[in-house]
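The data block below is entry_29.cif; it holds mmCIF, C-alpha atoms.
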```cif
data_entry
loop_
_atom_site.label_atom_id
_atom_site.label_comp_id
_atom_site.auth_asym_id
_atom_site.auth_seq_id
_atom_site.Cartn_x
_atom_site.Cartn_y
_atom_site.Cartn_z
CA MET A 1 27.60 90.25 14.22
CA MET A 2 28.59 93.93 14.45
CA THR A 3 32.28 94.71 14.59
CA HIS A 4 34.29 97.64 15.92
CA VAL A 5 36.17 99.59 13.25
CA ARG A 6 39.25 101.72 13.57
CA GLY A 7 38.78 105.34 12.62
CA GLY A 8 40.26 106.47 9.36
CA GLY A 9 40.66 109.76 7.52
CA GLY A 10 39.43 110.83 4.14
CA GLY A 11 35.98 109.35 4.66
CA LYS A 12 37.24 105.84 3.89
CA MET A 13 35.70 102.90 5.68
CA ALA A 14 38.20 101.43 8.16
CA ALA A 15 38.87 97.74 8.43
CA PRO A 16 37.30 95.81 11.32
CA MET A 17 39.62 95.39 14.28
CA GLU A 18 40.96 91.88 14.77
CA VAL A 19 41.83 90.80 18.29
CA ALA A 20 43.60 87.81 19.82
CA VAL A 21 41.80 86.16 22.74
CA CYS A 22 44.08 83.96 24.86
CA THR A 23 43.92 81.88 28.05
CA ASP A 24 46.43 79.78 29.99
CA SER A 25 46.11 77.09 32.64
CA ALA A 26 47.74 79.15 35.41
CA ALA A 27 45.73 82.41 35.28
CA PRO A 28 47.15 83.96 38.50
CA MET A 29 45.94 87.49 37.69
CA TRP A 30 43.28 87.00 35.01
CA SER A 31 41.41 84.24 33.20
CA CYS A 32 41.50 85.65 29.69
CA ILE A 33 43.43 88.42 27.91
CA VAL A 34 42.42 90.27 24.74
CA TRP A 35 44.94 92.19 22.65
CA GLU A 36 44.87 93.94 19.30
CA LEU A 37 46.28 91.54 16.77
CA HIS A 38 48.54 93.81 14.72
CA SER A 39 49.73 96.33 17.33
CA GLY A 40 49.91 93.97 20.30
CA ALA A 41 48.17 96.50 22.60
CA ASN A 42 46.38 94.96 25.58
CA LEU A 43 42.66 95.76 25.44
CA LEU A 44 40.84 93.69 28.09
CA THR A 45 41.37 91.09 30.78
CA TYR A 46 38.71 88.90 32.37
CA ARG A 47 39.06 87.53 35.88
CA GLY A 48 37.62 84.42 37.51
CA GLY A 49 38.99 80.92 36.96
CA GLN A 50 41.10 78.95 34.50
CA ALA A 51 39.76 78.09 31.04
CA GLY A 52 40.46 74.57 29.79
CA PRO A 53 41.54 73.54 26.27
CA HIS A 54 38.91 74.14 23.57
CA GLY A 55 36.91 75.82 26.31
CA LEU A 56 36.51 79.43 25.16
CA ALA A 57 33.58 80.80 23.15
CA LEU A 58 31.92 84.10 22.26
CA LEU A 59 28.12 84.08 22.58
CA ASN A 60 26.17 86.31 20.23
CA GLY A 61 28.84 89.03 20.44
CA GLU A 62 27.66 89.87 23.98
CA TYR A 63 29.03 87.27 26.39
CA LEU A 64 32.32 85.44 26.84
CA LEU A 65 32.03 81.83 27.99
CA ALA A 66 34.86 79.75 29.45
CA ALA A 67 34.75 76.08 30.46
CA GLN A 68 36.71 75.90 33.69
CA LEU A 69 39.67 73.54 33.73
CA GLY A 70 38.73 70.35 35.58
CA LYS A 71 35.58 71.98 37.02
CA ASN A 72 31.89 71.23 36.51
CA TYR A 73 30.82 74.70 35.43
CA ILE A 74 31.11 77.27 32.66
CA SER A 75 31.92 80.90 33.51
CA ALA A 76 30.07 83.66 31.68
CA TRP A 77 31.04 87.35 31.48
CA GLU A 78 29.36 90.29 29.83
CA LEU A 79 32.00 91.54 27.42
CA GLN A 80 32.16 94.96 29.10
CA ARG A 81 31.80 93.80 32.74
CA LYS A 82 35.10 91.99 32.65
CA ASP A 83 35.67 92.10 36.42
CA GLN A 84 32.23 90.80 37.32
CA LEU A 85 31.43 87.16 36.67
CA GLN A 86 27.89 87.20 35.35
CA GLN A 87 26.93 83.57 35.88
CA LYS A 88 28.18 80.07 36.46
CA ILE A 89 26.52 77.49 34.22
CA MET A 90 26.53 74.33 36.32
CA CYS A 91 27.07 70.99 34.60
CA PRO A 92 26.75 67.40 35.90
CA GLY A 93 30.50 66.80 35.51
CA PRO A 94 33.81 68.39 34.44
CA VAL A 95 33.44 70.29 31.17
CA THR A 96 35.94 69.04 28.58
CA CYS A 97 35.17 71.45 25.70
CA LEU A 98 32.77 74.21 24.71
CA THR A 99 31.39 76.01 21.68
CA THR A 100 28.46 78.23 20.67
CA SER A 101 26.43 78.39 17.47
CA PRO A 102 27.32 81.33 15.20
CA ASN A 103 23.68 82.44 15.22
CA GLY A 104 23.84 82.79 19.01
CA LEU A 105 20.93 80.42 19.72
CA TYR A 106 22.71 77.42 21.25
CA VAL A 107 25.51 76.50 23.63
CA LEU A 108 27.22 73.14 23.22
CA ALA A 109 29.48 71.54 25.84
CA GLY A 110 31.28 68.24 26.27
CA VAL A 111 30.76 66.77 29.73
CA ALA A 112 32.88 63.62 29.99
CA GLU A 113 31.72 61.43 27.07
CA SER A 114 28.37 63.25 26.62
CA ILE A 115 27.41 66.35 24.62
CA HIS A 116 24.99 68.82 26.23
CA LEU A 117 22.97 71.23 24.08
CA TRP A 118 21.29 74.29 25.66
CA GLU A 119 18.90 76.81 24.15
CA VAL A 120 20.20 80.29 24.97
CA SER A 121 16.83 82.08 25.00
CA THR A 122 15.33 79.83 27.69
CA GLY A 123 18.31 78.11 29.32
CA ASN A 124 16.64 74.75 28.69
CA LEU A 125 18.87 71.72 28.28
CA LEU A 126 17.39 70.37 25.04
CA VAL A 127 19.28 67.12 24.56
CA ILE A 128 22.17 65.03 25.88
CA LEU A 129 24.02 63.06 23.21
CA SER A 130 25.93 59.98 24.34
CA ARG A 131 27.52 58.45 21.25
CA HIS A 132 31.17 58.88 22.26
CA TYR A 133 32.77 56.17 24.39
CA GLN A 134 35.39 58.38 26.03
CA ASP A 135 35.72 62.10 26.84
CA VAL A 136 34.71 64.56 24.13
CA SER A 137 37.81 66.64 23.39
CA CYS A 138 36.60 69.24 20.87
CA LEU A 139 33.38 70.67 19.43
CA GLN A 140 32.62 73.13 16.65
CA PHE A 141 29.60 74.34 14.67
CA THR A 142 29.56 74.92 10.95
CA GLY A 143 29.36 78.57 9.95
CA ASP A 144 25.60 78.46 9.31
CA SER A 145 24.85 76.62 12.59
CA SER A 146 23.19 73.75 10.69
CA HIS A 147 25.70 71.09 11.78
CA PHE A 148 28.21 70.55 14.53
CA ILE A 149 31.25 68.29 14.75
CA SER A 150 32.51 66.44 17.82
CA GLY A 151 35.85 64.72 18.35
CA GLY A 152 36.75 62.46 21.26
CA LYS A 153 39.43 60.46 22.96
CA ASP A 154 37.70 57.36 21.54
CA CYS A 155 39.33 58.25 18.16
CA LEU A 156 35.92 59.07 16.64
CA VAL A 157 34.78 62.22 14.87
CA LEU A 158 30.99 62.59 14.61
CA ALA A 159 29.13 64.98 12.31
CA TRP A 160 25.67 65.92 13.63
CA SER A 161 22.73 67.63 11.93
CA LEU A 162 21.29 70.11 14.44
CA CYS A 163 17.81 69.79 12.91
CA SER A 164 17.87 66.00 13.26
CA VAL A 165 19.09 66.21 16.85
CA LEU A 166 16.36 68.65 17.87
CA GLN A 167 13.56 66.75 16.11
CA ALA A 168 14.60 63.27 17.19
CA ASP A 169 12.02 60.95 18.73
CA PRO A 170 12.58 61.06 22.52
CA SER A 171 12.29 57.27 22.64
CA ARG A 172 15.22 56.88 20.25
CA ILE A 173 18.86 57.81 20.66
CA PRO A 174 19.79 60.57 18.17
CA ALA A 175 22.25 59.33 15.57
CA PRO A 176 25.03 61.39 13.96
CA ARG A 177 24.88 62.06 10.25
CA HIS A 178 28.41 60.73 9.77
CA VAL A 179 30.77 58.64 11.88
CA TRP A 180 34.40 59.16 10.88
CA SER A 181 36.48 56.37 12.41
CA HIS A 182 39.70 56.49 10.36
CA HIS A 183 41.82 57.91 13.18
CA THR A 184 43.50 55.32 15.37
CA LEU A 185 44.37 57.47 18.42
CA PRO A 186 42.53 60.25 20.33
CA ILE A 187 41.35 63.33 18.46
CA THR A 188 43.24 66.47 19.52
CA ASP A 189 41.58 69.24 17.48
CA LEU A 190 39.20 69.98 14.62
CA HIS A 191 38.38 72.93 12.39
CA CYS A 192 35.26 73.58 10.27
CA GLY A 193 35.84 75.45 7.05
CA PHE A 194 33.54 77.82 5.21
CA GLY A 195 30.37 76.62 3.50
CA GLY A 196 27.84 75.46 6.09
CA PRO A 197 26.55 71.98 5.14
CA LEU A 198 29.03 71.94 2.25
CA ALA A 199 32.00 72.71 4.50
CA ARG A 200 35.17 70.71 4.83
CA VAL A 201 36.40 69.64 8.27
CA ALA A 202 40.03 69.16 9.27
CA THR A 203 40.80 66.83 12.19
CA SER A 204 44.08 66.13 13.99
CA SER A 205 45.06 63.19 16.15
CA LEU A 206 47.80 61.65 18.23
CA ASP A 207 48.13 59.07 15.42
CA GLN A 208 50.33 61.65 13.59
CA THR A 209 47.77 62.36 10.90
CA VAL A 210 45.55 65.23 9.84
CA LYS A 211 42.49 64.32 7.80
CA LEU A 212 40.18 66.44 5.67
CA TRP A 213 36.50 65.47 5.40
CA GLU A 214 33.47 66.64 3.47
CA VAL A 215 30.34 67.26 5.56
CA SER A 216 27.83 66.84 2.73
CA SER A 217 28.99 63.40 1.55
CA GLY A 218 30.95 62.24 4.60
CA GLU A 219 33.88 61.31 2.37
CA LEU A 220 37.53 61.39 3.41
CA LEU A 221 39.21 63.82 1.01
CA LEU A 222 42.80 63.86 2.26
CA SER A 223 45.01 62.25 4.90
CA VAL A 224 48.45 63.68 5.67
CA LEU A 225 50.96 61.69 7.74
CA PHE A 226 53.59 63.51 9.84
CA ASP A 227 56.59 62.39 11.88
CA VAL A 228 55.07 63.68 15.14
CA SER A 229 51.67 63.77 16.82
CA ILE A 230 49.52 66.71 15.72
CA MET A 231 47.92 68.65 18.59
CA ALA A 232 46.19 71.52 16.73
CA VAL A 233 44.85 72.22 13.24
CA THR A 234 43.27 75.16 11.40
CA MET A 235 42.76 76.51 7.88
CA ASP A 236 42.74 79.99 6.41
CA LEU A 237 39.38 81.39 5.30
CA ALA A 238 40.05 80.65 1.63
CA GLU A 239 41.25 77.14 2.52
CA HIS A 240 44.46 77.57 0.57
CA HIS A 241 46.52 76.28 3.50
CA MET A 242 46.06 73.90 6.40
CA PHE A 243 48.24 74.59 9.47
CA CYS A 244 49.14 71.71 11.79
CA GLY A 245 50.75 72.13 15.22
CA GLY A 246 53.15 69.38 16.27
CA SER A 247 53.83 67.86 19.67
CA GLU A 248 57.48 69.00 19.53
CA GLY A 249 56.70 72.67 18.79
CA SER A 250 56.82 72.93 15.01
CA ILE A 251 53.92 74.16 12.87
CA PHE A 252 53.53 72.58 9.43
CA GLN A 253 51.84 74.22 6.45
CA VAL A 254 50.01 71.91 4.03
CA ASP A 255 49.11 73.59 0.74
CA LEU A 256 45.65 72.56 -0.37
CA PHE A 257 45.64 74.55 -3.62
CA THR A 258 48.49 72.36 -4.98
CA TRP A 259 46.88 69.15 -3.77
CA PRO A 260 47.15 66.83 -6.81
CA GLY A 261 44.22 64.66 -5.82
CA GLN A 262 45.70 61.61 -4.13
CA ARG A 263 43.95 60.80 -0.88
CA GLU A 264 47.07 60.01 1.19
CA ARG A 265 50.38 61.81 1.37
CA ASN A 266 53.35 62.17 3.70
CA PHE A 267 54.68 65.49 4.96
CA GLN A 268 58.47 65.35 4.79
CA PRO A 269 60.14 68.25 6.65
CA GLU A 270 63.42 67.90 4.76
CA GLN A 271 61.63 68.33 1.42
CA ASP A 272 59.09 70.86 2.73
CA ALA A 273 61.55 72.99 4.71
CA GLY A 274 59.88 76.18 3.53
CA LYS A 275 56.57 75.02 5.00
CA VAL A 276 57.59 74.81 8.67
CA PHE A 277 57.23 77.46 11.40
CA LYS A 278 59.90 76.99 14.07
CA GLY A 279 60.10 78.81 17.41
CA HIS A 280 57.96 77.09 20.05
CA ARG A 281 59.88 74.88 22.49
CA ASN A 282 56.96 72.64 23.48
CA GLN A 283 53.81 71.24 21.91
CA VAL A 284 51.52 73.59 20.01
CA THR A 285 48.04 73.56 21.56
CA CYS A 286 46.03 76.01 19.46
CA LEU A 287 46.14 77.73 16.07
CA SER A 288 44.13 80.49 14.40
CA VAL A 289 44.50 82.53 11.20
CA SER A 290 43.64 86.17 10.55
CA THR A 291 40.77 86.98 8.20
CA ASP A 292 43.04 87.91 5.31
CA GLY A 293 45.22 84.83 5.85
CA SER A 294 48.41 86.85 6.26
CA VAL A 295 49.21 86.07 9.91
CA LEU A 296 48.99 82.92 12.03
CA LEU A 297 48.41 82.90 15.80
CA SER A 298 49.73 79.97 17.84
CA GLY A 299 49.71 78.98 21.51
CA SER A 300 51.98 76.44 23.15
CA HIS A 301 52.79 74.61 26.37
CA ASP A 302 55.99 76.69 26.44
CA GLU A 303 53.74 79.44 27.94
CA THR A 304 53.95 81.75 24.90
CA VAL A 305 51.60 82.95 22.20
CA ARG A 306 53.29 83.75 18.90
CA LEU A 307 52.20 85.71 15.85
CA TRP A 308 53.69 84.56 12.54
CA ASP A 309 53.89 86.03 9.06
CA VAL A 310 52.51 83.25 6.87
CA GLN A 311 54.48 84.11 3.75
CA SER A 312 57.93 84.39 5.36
CA LYS A 313 57.32 81.94 8.27
CA GLN A 314 58.94 84.50 10.60
CA CYS A 315 57.70 85.18 14.14
CA ILE A 316 56.66 88.83 14.34
CA ARG A 317 55.48 88.93 17.98
CA THR A 318 55.80 86.79 21.10
CA VAL A 319 53.53 87.26 24.12
CA ALA A 320 54.57 85.47 27.34
CA LEU A 321 51.78 84.13 29.56
CA LYS A 322 51.99 82.60 33.03
CA GLY A 323 51.24 78.98 32.16
CA PRO A 324 50.65 76.53 29.27
CA VAL A 325 48.38 78.18 26.71
CA THR A 326 44.94 76.53 26.52
CA ASN A 327 43.19 78.81 24.02
CA ALA A 328 44.36 81.33 21.42
CA THR A 329 42.02 82.52 18.69
CA VAL A 330 41.65 85.44 16.30
CA LEU A 331 38.28 87.25 16.30
CA LEU A 332 36.74 90.25 14.65
CA ALA A 333 36.06 92.38 17.70
CA PRO A 334 32.31 92.79 18.29
CA VAL A 335 31.19 96.34 19.03
CA SER A 336 30.25 95.31 22.57
CA MET A 337 33.87 94.41 23.36
CA LEU A 338 35.21 97.92 22.85
CA SER A 339 32.21 100.14 23.65
CA SER A 340 32.09 100.85 27.37
CA ASP A 341 28.40 101.77 27.39
CA PHE A 342 27.23 98.64 25.61
CA ARG A 343 24.93 96.19 27.43
CA PRO A 344 23.54 92.84 26.23
CA SER A 345 20.21 92.97 24.46
CA LEU A 346 18.85 90.23 26.72
CA PRO A 347 20.04 88.92 30.09
CA LEU A 348 21.56 85.47 30.18
CA PRO A 349 18.96 83.01 31.55
CA HIS A 350 19.50 80.37 34.21
CA PHE A 351 20.86 77.28 32.44
CA ASN A 352 19.24 74.03 33.54
CA LYS A 353 21.47 71.14 34.54
CA HIS A 354 18.85 68.47 33.77
CA LEU A 355 16.70 67.81 30.75
CA LEU A 356 13.40 68.33 32.59
CA GLY A 357 14.41 71.39 34.58
CA ALA A 358 13.18 71.88 38.14
CA GLU A 359 11.47 68.49 38.27
CA HIS A 360 14.92 66.97 38.54
CA GLY A 361 16.39 69.28 41.12
CA ASP A 362 17.24 72.47 39.26
CA GLU A 363 16.77 75.59 41.31
CA PRO A 364 13.67 77.60 40.44
CA ARG A 365 14.36 80.62 38.29
CA HIS A 366 14.37 84.05 39.91
CA GLY A 367 13.85 87.40 38.26
CA GLY A 368 12.36 85.92 35.11
CA LEU A 369 8.84 85.78 33.72
CA THR A 370 7.42 82.75 31.96
CA LEU A 371 4.28 83.19 29.85
CA ARG A 372 2.05 80.31 28.86
CA LEU A 373 -0.25 81.40 26.09
CA GLY A 374 -3.67 79.91 25.38
CA LEU A 375 -4.32 78.50 28.85
CA HIS A 376 -8.08 79.05 28.42
CA GLN A 377 -8.03 76.74 25.42
CA GLN A 378 -6.03 73.92 26.98
CA GLY A 379 -7.98 70.67 26.81
CA SER A 380 -10.44 72.01 24.23
CA GLU A 381 -8.19 71.70 21.17
CA PRO A 382 -6.14 68.71 20.07
CA SER A 383 -2.40 68.91 20.45
CA TYR A 384 -0.05 69.02 17.48
CA LEU A 385 0.67 65.33 18.05
CA ASP A 386 -3.05 64.50 17.91
CA ARG A 387 -3.42 66.54 14.74
CA THR A 388 -0.47 64.73 13.19
CA GLU A 389 -2.01 61.33 13.98
CA GLN A 390 -5.36 62.42 12.51
CA LEU A 391 -3.65 63.65 9.35
CA GLN A 392 -1.77 60.37 9.00
CA ALA A 393 -5.02 58.39 9.37
CA VAL A 394 -6.68 60.46 6.63
CA LEU A 395 -3.71 60.01 4.31
CA CYS A 396 -3.63 56.25 4.87
CA SER A 397 -7.38 55.97 4.22
CA THR A 398 -7.10 58.01 1.03
CA MET A 399 -4.17 55.93 -0.18
CA GLU A 400 -6.02 52.68 0.51
CA LYS A 401 -9.07 53.84 -1.43
CA SER A 402 -7.01 55.08 -4.37
CA VAL A 403 -4.96 51.88 -4.61
CA LEU A 404 -7.59 49.26 -3.86
CA GLY A 405 -10.70 51.10 -5.05
CA GLY A 406 -12.68 50.57 -1.88
CA GLN A 407 -13.91 47.33 -0.26
CA ASP A 408 -17.01 46.91 -2.48
CA GLN A 409 -15.05 47.25 -5.69
CA LEU A 410 -12.44 44.93 -4.28
CA ARG A 411 -15.00 42.13 -3.73
CA VAL A 412 -16.37 42.54 -7.27
CA ARG A 413 -12.91 42.40 -8.73
CA VAL A 414 -12.05 39.27 -6.72
CA THR A 415 -15.19 37.53 -8.02
CA GLU A 416 -14.30 38.40 -11.62
CA LEU A 417 -10.80 37.05 -11.19
CA GLU A 418 -12.08 33.81 -9.64
CA ASP A 419 -14.42 33.28 -12.64
CA GLU A 420 -11.53 33.89 -15.01
CA VAL A 421 -9.37 31.38 -13.16
CA ARG A 422 -12.15 28.74 -13.43
CA ASN A 423 -12.49 29.33 -17.19
CA LEU A 424 -8.73 29.02 -17.66
CA ARG A 425 -8.68 25.76 -15.71
CA LYS A 426 -11.51 24.34 -17.90
CA ILE A 427 -9.64 25.33 -21.06
CA ASN A 428 -6.50 23.69 -19.69
CA ARG A 429 -8.39 20.42 -18.98
CA ASP A 430 -9.95 20.41 -22.45
CA LEU A 431 -6.57 20.89 -24.09
CA PHE A 432 -5.08 18.11 -21.98
CA ASP A 433 -7.89 15.69 -22.87
CA PHE A 434 -7.62 16.52 -26.56
CA SER A 435 -3.87 16.02 -26.64
CA THR A 436 -4.18 12.75 -24.76
CA ARG A 437 -6.75 11.38 -27.21
CA PHE A 438 -4.69 12.53 -30.16
CA ILE A 439 -1.47 10.92 -28.89
CA THR A 440 -3.10 7.62 -27.83
CA ARG A 441 -5.22 7.26 -30.97
CA PRO A 442 -4.41 3.89 -32.65
CA ALA A 443 -2.67 4.11 -35.94
CA LYS A 444 -4.67 3.09 -39.04
#
```
What's the structure tokens form of this structure?
Amino acid sequence: MMTHVRGGGGGKMAAPMEVAVCTDSAAPMWSCIVWELHSGANLLTYRGGQAGPHGLALLNGEYLLAAQLGKNYISAWELQRKDQLQQKIMCPGPVTCLTTSPNGLYVLAGVAESIHLWEVSTGNLLVILSRHYQDVSCLQFTGDSSHFISGGKDCLVLAWSLCSVLQADPSRIPAPRHVWSHHTLPITDLHCGFGGPLARVATSSLDQTVKLWEVSSGELLLSVLFDVSIMAVTMDLAEHHMFCGGSEGSIFQVDLFTWPGQRERNFQPEQDAGKVFKGHRNQVTCLSVSTDGSVLLSGSHDETVRLWDVQSKQCIRTVALKGPVTNATVLLAPVSMLSSDFRPSLPLPHFNKHLLGAEHGDEPRHGGLTLRLGLHQQGSEPSYLDRTEQLQAVLCSTMEKSVLGGQDQLRVRVTELEDEVRNLRKINRDLFDFSTRFITRPAK
């Protein structure tokens, strides 16, 4: 993804600009505000609705998506047309959380207890996953888009392989790669670390614990118990620290680089006084760390967003919003966000609400063109499924011949074995008769 850089003198390459993207549940004047992370300068505001918790996502560096609080649609803006709502993505129920794949190909949304997966290029709803028993509360992809993680109010965290989900047999319910059921109360937040399929995932819960998992093996690596419920969790890019937002307003820093190896530990504020950020007056709802790990961004129900220096634990900036903060995240600003003449490379398609598109009531698409290639050959060539079945039949036939040697050879071999069995039986009878005569022979 291209990023906007600040100009610098002397021919040196400037650092990418980091921005804070924030939303609150009141949104009287705007839905989302973007400000430069280090200077605090307001850059952009987007208007049109109220974004819910875990409901904000950047799509391919060109669109901003927001799941509307308590509503059954997702708002989409072009990054530069901030005053013009580009599209409403309609869903069959209230959207509880939202994310996009880093490669920009998929949109993932929690709708009640189900997970909906759309393909961005076509707008097709590819699959609906229904393995949670209560509302899905948070979703996130791994950095390489190969897996995604879902957490729900049913206390479950599920790790899904995108490839397995997309290639699943339609007659079978797709199964997650891992089911993590160690939490005992609803999941409040999750964070995927760096490493794609080798990433580690941090999860927080109302059960006052934060747990660290490994995607590749599914193992629980670490469980930290706190004195309060944990509402938000994140890690720095190097995964030296894990930051946990408490229900009473404190933020706790767990050092992973000093982790001695035991799987369970307790965080004791009196002993870890230098690891606590204090300033929020209500529960912390969202956390995010800058790329270099030096500053921490936090949002709270006390209607403020705070920027903290990680080393000193001091608050260096406070931004007051108009309602409880629902999203606050640090991003490298894509070039489209700060270039007024930028336009998306492709228009956003109509997103289908049902798996089979218009056959189930979706409105027909307007302004688009659908090409079906090879129509003159339809019916004359076998489908890929037919070819697969033919290939399987050939493989099975070849295997049978190689193992059994063909039916004719099999009959010959059976006859030979039957003759050998008859000879062995005759030898056995002769030995028995001889031994009987020898034992019963009268003594001289």
Between A:Thr45, A:Ser114, A:Ser145, A:Gln50, smallest distance to Ser130 of chain A by all atoms listed in the file belongs to A:Ser114
key: Of the listed residues A:Asn352, A:Ser345, A:Ser121, A:Ser340, that which approaches Arg81 of chain A most closely, counting all atoms listed in the file   =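 Of A:Asn352, A:Ser345, A:Ser121, A:Ser340, the one nearest Arg81 of chain A is A:Ser340, counting all atoms listed in the file.
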**Q.** Residues near Thr209 of chain A, cut-off 8 Å, all atoms listed in the file, skip fewer than 4 positions along chain, as a list of chain:residue names
**A.** A:His183, A:Ser204, A:Ser205, A:Ser223, A:Val224, A:Leu225, A:Phe226, A:Ser229, A:Ile230
Go through A:Phe438, A:Phe277, A:Phe342, A:Trp213 one by one, measure the shortest atom-to-atom distance of each to Leu307 of chain A using all atoms listed in the file, and give the residue with the smallest value.
->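 Among A:Phe438, A:Phe277, A:Phe342, A:Trp213, it is A:Phe277 that comes nearest to Leu307 of chain A.
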Check your understanding: How would you write, as a VMD selection string, the residues chosen by the PyMOL selection byres ((chain A and resi 93) around 7) on this structure?
Key -> chain A and resid 72 91 to 92 94 to 95 111 to 112
message: Under the rule that all atoms listed in the file are counted, which of A:Lys353, A:His280, A:Arg172, A:His38 is the nearest residue to Asp309 of chain A?
response: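 The closest residue to Asp309 of chain A is A:His38.
Take atom CA of Ile33 of chain A and atom CA of Tyr46 of chain A: the distance between them is 6.5 Å.
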*Kindly give the distance, in Å, that separates atom CA of Thr285 of chain A and atom CA of Met231 of chain A, rounded to a single decimal.*
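If I compute the distance from atom CA of Thr285 of chain A to atom CA of Met231 of chain A, I get 5.7 Å.
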Evaluate the PyMOL selection byres ((chain A and resi 134) around 10) and record the selected residues as an MDAnalysis selection string, following the chain and residue labels used in the document. chainID A and resid 112:114 130:133 135:137 151:156 186
Expressed in Å, the length from atom CA of Leu222 of chain A to atom CA of Val201 of chain A is 10.5 Å
Margin query: Between A:Glu214, A:Glu303, A:Asp255, A:Glu418, which residue has the minimum interatomic distance to Ile149 of chain A, considering only C-alpha atoms?
Written below: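 Of A:Glu214, A:Glu303, A:Asp255, A:Glu418, the one nearest Ile149 of chain A, counting only C-alpha atoms, is A:Glu214.
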The residue from A:Ile427, A:Ala57, A:Ala333, A:Met235 with the smallest atom-to-atom distance to Val295 of chain A, counting all atoms listed in the file, is A:Met235
Evaluated on this file, the PyMOL selection byres ((chain A and resi 24) around 7) picks out some residues - which ones are they, written as a count of residues only?
12
Shell of 9 Å around Pro269 of chain A, only C-alpha atoms, local chain residues under 5 positions omitted, as JSON, numbers by chain: {"A": [226, 227, 252, 274, 275, 276]}
Give me the residues near Ala20 of chain A as a short mmCIF file (atom, residue, chain, number, x, y, z; two decimals) with C-alpha atoms, keeping the file's coordinate frame, where near means some atom within 8 Å (using all atoms listed in the file) and where sequence neighbours in that chain fewer than 3 positions away do not count.
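Output file around.cif follows:
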```
data_model
loop_
_atom_site.label_atom_id
_atom_site.label_comp_id
_atom_site.auth_asym_id
_atom_site.auth_seq_id
_atom_site.Cartn_x
_atom_site.Cartn_y
_atom_site.Cartn_z
CA VAL A 34 42.42 90.27 24.74
CA TRP A 35 44.94 92.19 22.65
CA GLU A 36 44.87 93.94 19.30
CA LEU A 37 46.28 91.54 16.77
CA LEU A 297 48.41 82.90 15.80
CA ALA A 328 44.36 81.33 21.42
CA THR A 329 42.02 82.52 18.69
CA VAL A 330 41.65 85.44 16.30
CA LEU A 331 38.28 87.25 16.30
#
```
